[in-house]
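Everything on this sheet refers to the single structure shown next.
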Amino acid sequence: MNMCDLIVKKKRGGALEKEEIDWMIRAFTDGEIPDYQMSAMMMAVCFVGMTDEETKNLTLAMVNSGDMLDLSEVRGIKVDKHSTGGVGDKTSLVLTPLVASLGVPVAKMSGRGLGHTGGTIDKLESFTGFSTSLTTEQFIHNVNTIHIAIAGQTADLAPADKKLYALRDVTGTVDQMSLIASSIMSKKLASGADAIVLDVKTGDGAFMKDADDARELAKKMVNIGKLCGRDVTAVISDMDQPLGYAVGNVLEVREAIDTLRGHGPEDLRELALCLGSYMTVKSGKANDVEEARSLLEDSLESGKAFHVFKEFIQAQGGDPEEAEHPERLLSARFQEEVFSPEEGYVSDIHTEEIGRICLLLGGGRETKESEINLAVGIVLHKKKGDAIKKGEALAVIHADDRALLEQAKERLIRAYTFVRQKPRREPLIKEII
């Protein structure tokens with residue numbers, strides 16, 4: 001085959017055949033197709049799009065470019081969860097032990113975060129000694145005994161996606177729905193799950209800021225799953241304000257622990273119950289979402305979910321006493337309140353800016369080589385719709401650098417918008433697909 005011919009075919013609106021896509025992805029992964037030709041192909045896709053069949057075949061070609069995680073020795077139906085990401089999104093820390101407490105096998109491959117805050121693995125490494133470098137045998141043993149294991153993604157899992165995304169990132173071809181959907185789903189399919197629940201976020205703090213775009217992405221990913229023989233549900237959730245109140249690695253871990261112990265913020269609890277209900281039904285542990293939700297609520301209230309969380313931390317080398325006493329986790333040198341300059345109600349929070357402030361403090365990565373300061377971040381006191389008095393605390397900033405703390409305080413005040421009339425609260429769960 002000839003790459004130039006395929007570029008011209010796609011540029012003119014043609015649909016690529018499965019054999020053409022398979023060849024293209026294999027040759028690109030092996031270094032036979034240069035970056036400039038693949039860049040031209042990606043730009044052509046951005047202009048003319050891909051059919052559902054092309055999108056499925058691209059996904060499968062990337063899945064088959066490397067190893068697939070063999071979970072055949074894990075007992076039961078394996079259900080995975082993926083979030084498109086947002087500010088303060090610590091859902092997996094609550095959701096995975098909660099679902100595992102019902103006997104649902106949670107065998108999750110997760111990553112480190114680039115951007116505002118760390119990923120799930122970074123947050124878990126807040127616990128002294130915690131490791132996600134598990135052998136396949138350890139991984140499967142943990143899932144079969146305590147129903148949960150979370151490991152870091154290996155370089156051999158969908159390597160074509162990794163190489164292709166790095167190219168798209170520097171050629172302005174990231175924001176194309178078929179390319180986004182196939183990138184996400186290739187990693188999920190390669191991770192060996194039987195069923196997948198997707199948390200597709202929309203709003204100021206999300207990758208998909210427009211609700212229609214989030215819906216289109218959700219539909220594409222669900223459709224890919226169906227075409228590939230997987231049971232997939234997408235939940236579209238609000239990210240027009242941070243999830244919960246904590247933004248920053250250790251701070252989010254503490255909030256997740258509070259939620260597992262029954263004291264966490266309502267939105268985080270609600271999202272975990274919603275996603276968990278669909279995961280539980282897909283696993284066969286409940287007949288419908290109402291029954292599943294009741295089981296999950298019982299697990300939270302009884303402390304069973306928190307017990308599984310401690311078992312999970314210990315099984316992967318962490319100190320479960322730090323979960324029992326989260327005040328023992330890292331703390332930042334400075335903790336200062338930021339006060340409201342106005343009286344009224346909070347109408348808007350520039351959520352993406354809250355994330356950028358956390359990054360400024362050192363709580364995220366700008367490059368893969370960046371080191372995260374796990375202790376820094378922001379704990380909000382007021383969210384959308386809340387009443388506020390002039391001089392009342394809006395948030396507490398946790399910082400290790402005095403100069404960065406002062407910058408963060410100024411920027412945080414500007415991230416809030418106030419009004420005199422109480423605004424209408426937006427629903428957390430927008431749609432189920």
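The chains in the structure tokens are called A, B, ... from first to last as shown; in each chain the residues are counted from 1, and the ligands are counted from 1 in the order shown.
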
(request) Determine which residues of stretch 111-358 of chain A receive a DSSP assignment of strand (DSSP E or B), computed from the backbone, and state them as a PyMOL selection string. (result) chain A and resi 115+148-152+157+195-202+208+231-238+246-247+334-339+344-349

For the selection just defined, write its residues with C-alpha atoms to a file, as a PDB file, in the first residue's frame.
```pdb
ATOM      1  CA  GLY A 115      -2.225  19.153  33.482  1.00  0.00           C
ATOM      2  CA  ILE A 148      -9.637  -4.611  43.400  1.00  0.00           C
ATOM      3  CA  ALA A 149      -6.272  -3.758  41.883  1.00  0.00           C
ATOM      4  CA  ILE A 150      -5.076  -0.593  40.136  1.00  0.00           C
ATOM      5  CA  ALA A 151      -1.888  -0.700  38.081  1.00  0.00           C
ATOM      6  CA  GLY A 152      -0.046   1.754  35.876  1.00  0.00           C
ATOM      7  CA  LEU A 157      -0.689  -1.359  25.908  1.00  0.00           C
ATOM      8  CA  ALA A 195     -18.044  -3.826  30.137  1.00  0.00           C
ATOM      9  CA  ILE A 196     -17.197  -0.130  30.464  1.00  0.00           C
ATOM     10  CA  VAL A 197     -18.860   2.839  32.166  1.00  0.00           C
ATOM     11  CA  LEU A 198     -17.727   6.234  30.866  1.00  0.00           C
ATOM     12  CA  ASP A 199     -17.895   9.520  32.766  1.00  0.00           C
ATOM     13  CA  VAL A 200     -17.954  12.174  30.038  1.00  0.00           C
ATOM     14  CA  LYS A 201     -17.596  15.593  31.599  1.00  0.00           C
ATOM     15  CA  THR A 202     -18.851  18.847  30.141  1.00  0.00           C
ATOM     16  CA  MET A 208     -15.540  19.035  26.206  1.00  0.00           C
ATOM     17  CA  ASP A 231     -21.351  -3.376  26.915  1.00  0.00           C
ATOM     18  CA  VAL A 232     -20.778   0.398  27.312  1.00  0.00           C
ATOM     19  CA  THR A 233     -22.768   3.127  29.068  1.00  0.00           C
ATOM     20  CA  ALA A 234     -21.813   6.813  29.176  1.00  0.00           C
ATOM     21  CA  VAL A 235     -22.812   9.227  31.938  1.00  0.00           C
ATOM     22  CA  ILE A 236     -22.536  12.907  31.010  1.00  0.00           C
ATOM     23  CA  SER A 237     -21.728  14.898  34.163  1.00  0.00           C
ATOM     24  CA  ASP A 238     -21.282  18.564  35.018  1.00  0.00           C
ATOM     25  CA  ALA A 246     -10.718  19.710  47.175  1.00  0.00           C
ATOM     26  CA  VAL A 247      -8.360  20.278  44.220  1.00  0.00           C
ATOM     27  CA  PHE A 334       1.334  27.330  54.277  1.00  0.00           C
ATOM     28  CA  GLN A 335      -2.455  27.168  54.572  1.00  0.00           C
ATOM     29  CA  GLU A 336      -4.180  30.520  54.104  1.00  0.00           C
ATOM     30  CA  GLU A 337      -7.778  31.554  53.585  1.00  0.00           C
ATOM     31  CA  VAL A 338      -8.951  33.690  50.676  1.00  0.00           C
ATOM     32  CA  PHE A 339     -11.776  36.076  51.520  1.00  0.00           C
ATOM     33  CA  GLY A 344     -24.364  37.886  47.525  1.00  0.00           C
ATOM     34  CA  TYR A 345     -24.295  34.485  45.870  1.00  0.00           C
ATOM     35  CA  VAL A 346     -21.675  32.607  43.878  1.00  0.00           C
ATOM     36  CA  SER A 347     -22.994  32.473  40.308  1.00  0.00           C
ATOM     37  CA  ASP A 348     -19.964  31.091  38.464  1.00  0.00           C
ATOM     38  CA  ILE A 349     -16.574  29.571  39.143  1.00  0.00           C
TER      39      ILE A 349
END
```

(request) Give me the residues within 8 Å of stretch 29-40 of chain A as a ChimeraX atom specification, counting only C-alpha atoms and dropping any in the same chain fewer than 5 places off. (result) /A:3-4,7,24,65,159-160,163,167-168,171

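Residue nearest A:Gly225 within the list A:Ala206, A:Ile77, A:Ser182, A:Asn373: A:Ser182 [criterion: smallest interatomic distance, only C-alpha atoms].
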
(request) Write out as a VMD selection string which residues come within 6 Å of A:Phe309 when counting only C-alpha atoms, dropping same-chain ones fewer than 3 positions away. (result) chain A and resid 97 306 312

Would you save the residues of that selection, restricted to C-alpha atoms, as a PDB file, in the first residue's frame?
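Contents of result-v3.pdb, as written:
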```pdb
ATOM      1  CA  PRO A  97     -13.431   0.320  46.442  1.00  0.00           C
ATOM      2  CA  PHE A 306     -13.940   2.045  53.483  1.00  0.00           C
ATOM      3  CA  PHE A 312      -6.563  -2.215  48.769  1.00  0.00           C
TER       4      PHE A 312
END
```

(request) To one decimal in Å, tell me the separation between atom CA of A:Ser92 and atom CA of A:Phe207. (result) 18.2 Å

(message) Using only C-alpha atoms, which protein or nucleic acid residues come within 8 Å of stretch 100-111 of chain A? Drop anything in the same chain fewer than 2 positions from it, and give the result as a PyMOL selection string.
(response) chain A and resi 74-81+96-98+113+119-121+139-140+143-144+146-153+191+193+280+283+285+295-296+299+304-305+308

Store the residues picked out above in a file with C-alpha atoms, as a short mmCIF file (atom, residue, chain, number, x, y, z; two decimals), in the first residue's frame.
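Listed below is the output, selection01.cif:
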```cif
data_model
loop_
_atom_site.label_atom_id
_atom_site.label_comp_id
_atom_site.auth_asym_id
_atom_site.auth_seq_id
_atom_site.Cartn_x
_atom_site.Cartn_y
_atom_site.Cartn_z
CA VAL A 74 -10.14 -13.08 37.00
CA ARG A 75 -13.43 -14.52 38.20
CA GLY A 76 -16.59 -12.68 37.20
CA ILE A 77 -17.55 -9.95 34.73
CA LYS A 78 -14.85 -7.26 34.65
CA VAL A 79 -16.24 -3.72 34.51
CA ASP A 80 -13.97 -0.73 33.93
CA LYS A 81 -14.59 3.00 34.32
CA THR A 96 -13.45 1.52 42.80
CA PRO A 97 -13.43 0.32 46.44
CA LEU A 98 -17.17 1.02 46.68
CA GLY A 113 -1.99 13.12 35.05
CA GLY A 119 -3.95 11.25 37.88
CA THR A 120 -5.38 8.44 39.99
CA ILE A 121 -1.95 6.83 40.40
CA PHE A 139 -2.67 -7.97 39.85
CA ILE A 140 -4.95 -10.96 39.21
CA VAL A 143 -8.65 -8.82 42.13
CA ASN A 144 -9.63 -12.42 42.95
CA ILE A 146 -10.12 -8.41 47.57
CA HIS A 147 -11.83 -7.63 44.22
CA ILE A 148 -9.64 -4.61 43.40
CA ALA A 149 -6.27 -3.76 41.88
CA ILE A 150 -5.08 -0.59 40.14
CA ALA A 151 -1.89 -0.70 38.08
CA GLY A 152 -0.05 1.75 35.88
CA GLN A 153 -0.50 1.49 32.12
CA SER A 191 -7.21 -3.33 29.29
CA ALA A 193 -12.73 -5.18 30.45
CA THR A 280 -22.83 -3.12 39.44
CA SER A 283 -21.37 -7.08 36.58
CA LYS A 285 -24.55 -8.21 41.01
CA LEU A 295 -26.57 -1.96 47.79
CA LEU A 296 -23.90 0.71 47.29
CA SER A 299 -21.91 -0.41 51.77
CA LYS A 304 -17.70 -1.87 54.19
CA ALA A 305 -16.49 0.27 51.27
CA VAL A 308 -12.08 -2.49 51.22
#
```

(request) Considering only C-alpha atoms, return as a list in words whatever protein or nucleic-acid residues lie within 12 Å of A:Asp161, sequence-local ones (same chain, fewer than 6 positions apart) excluded. (result) Ile25, Arg26, Phe28, Thr29, Leu58, Thr59, Leu60, Ala61, Met62, Val63, Asn64, Ser65, Gly66, Ala155, Leu167, Arg168, Asp169, Leu179, Ile180, Ala181, Ser182, Ser183, Ile184, Met185, Ser186, Lys187, Lys188 and Ala190 of chain A

(message) For A:Val94, find every residue with an atom within 8 Å (counting only C-alpha atoms), except residues of its own chain fewer than 4 positions away, and show them as a VMD selection string.
(response) chain A and resid 90 98 256 to 257 259 to 260 272

(request) Can you work out which one of A:Gln316, A:Ser133, A:Thr117, A:Asn249 has the shortest atom-to-atom distance to A:Arg365, counting only C-alpha atoms? (result)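 Residue with the minimum atom-to-atom distance to A:Arg365: A:Thr117.
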
(message) Excluding A:Leu329 and its own-chain neighbours fewer than 2 positions away, which residues fall within 10 Å of it when counting only C-alpha atoms? Please give them as a PyMOL selection string.
(response) chain A and resi 126-128+250-251+253-254+321-323+325-327+331+374-375

Produce a file of the selected residues containing N, CA and C atoms, as a tab-separated table (two decimals), in the first residue's frame.
```
chain	number	residue	atom	x	y	z
A	126	SER	N	0.12	9.18	47.33
A	126	SER	CA	0.14	9.98	48.55
A	126	SER	C	0.35	9.09	49.77
A	127	PHE	N	-0.03	7.81	49.65
A	127	PHE	CA	0.15	6.86	50.75
A	127	PHE	C	1.57	6.31	50.73
A	128	THR	N	2.22	6.37	51.87
A	128	THR	CA	3.60	5.91	52.00
A	128	THR	C	3.72	4.45	51.53
A	250	VAL	N	-3.13	15.17	47.65
A	250	VAL	CA	-3.42	14.72	49.01
A	250	VAL	C	-4.77	15.24	49.48
A	251	LEU	N	-5.08	16.48	49.12
A	251	LEU	CA	-6.35	17.07	49.52
A	251	LEU	C	-7.53	16.27	48.96
A	253	VAL	N	-7.39	13.07	48.13
A	253	VAL	CA	-7.39	11.77	48.83
A	253	VAL	C	-8.15	11.89	50.15
A	254	ARG	N	-7.89	12.96	50.90
A	254	ARG	CA	-8.60	13.15	52.18
A	254	ARG	C	-10.10	13.28	51.95
A	321	GLU	N	-2.97	2.70	57.85
A	321	GLU	CA	-3.17	3.61	58.99
A	321	GLU	C	-3.30	5.06	58.53
A	322	GLU	N	-2.69	5.37	57.39
A	322	GLU	CA	-2.81	6.72	56.84
A	322	GLU	C	-4.21	6.97	56.30
A	323	ALA	N	-4.90	5.90	55.90
A	323	ALA	CA	-6.30	6.03	55.50
A	323	ALA	C	-7.17	6.22	56.73
A	325	HIS	N	-6.11	7.52	59.51
A	325	HIS	CA	-5.73	8.82	60.08
A	325	HIS	C	-5.14	9.70	58.97
A	326	PRO	N	-5.99	10.26	58.09
A	326	PRO	CA	-5.49	11.01	56.93
A	326	PRO	C	-4.71	12.26	57.29
A	327	GLU	N	-4.80	12.70	58.55
A	327	GLU	CA	-3.98	13.85	58.96
A	327	GLU	C	-2.50	13.51	58.93
A	331	SER	N	1.39	17.42	54.32
A	331	SER	CA	0.72	18.72	54.44
A	331	SER	C	1.64	19.80	53.90
A	374	LEU	N	2.65	16.78	45.93
A	374	LEU	CA	1.39	16.14	46.29
A	374	LEU	C	0.59	16.91	47.34
A	375	ALA	N	1.27	17.76	48.13
A	375	ALA	CA	0.62	18.39	49.28
A	375	ALA	C	-0.17	19.65	48.93
```

(request) Please measure the separation of atom CA of A:Val222 and atom CA of A:Glu54, giving the value in Å to one decimal. (result) 14.9 Å

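Shortest atom-to-atom contact with A:Asn57 among A:Ile224, A:Ala332, A:Ala415, A:Ala214: A:Ile224, counting only C-alpha atoms.
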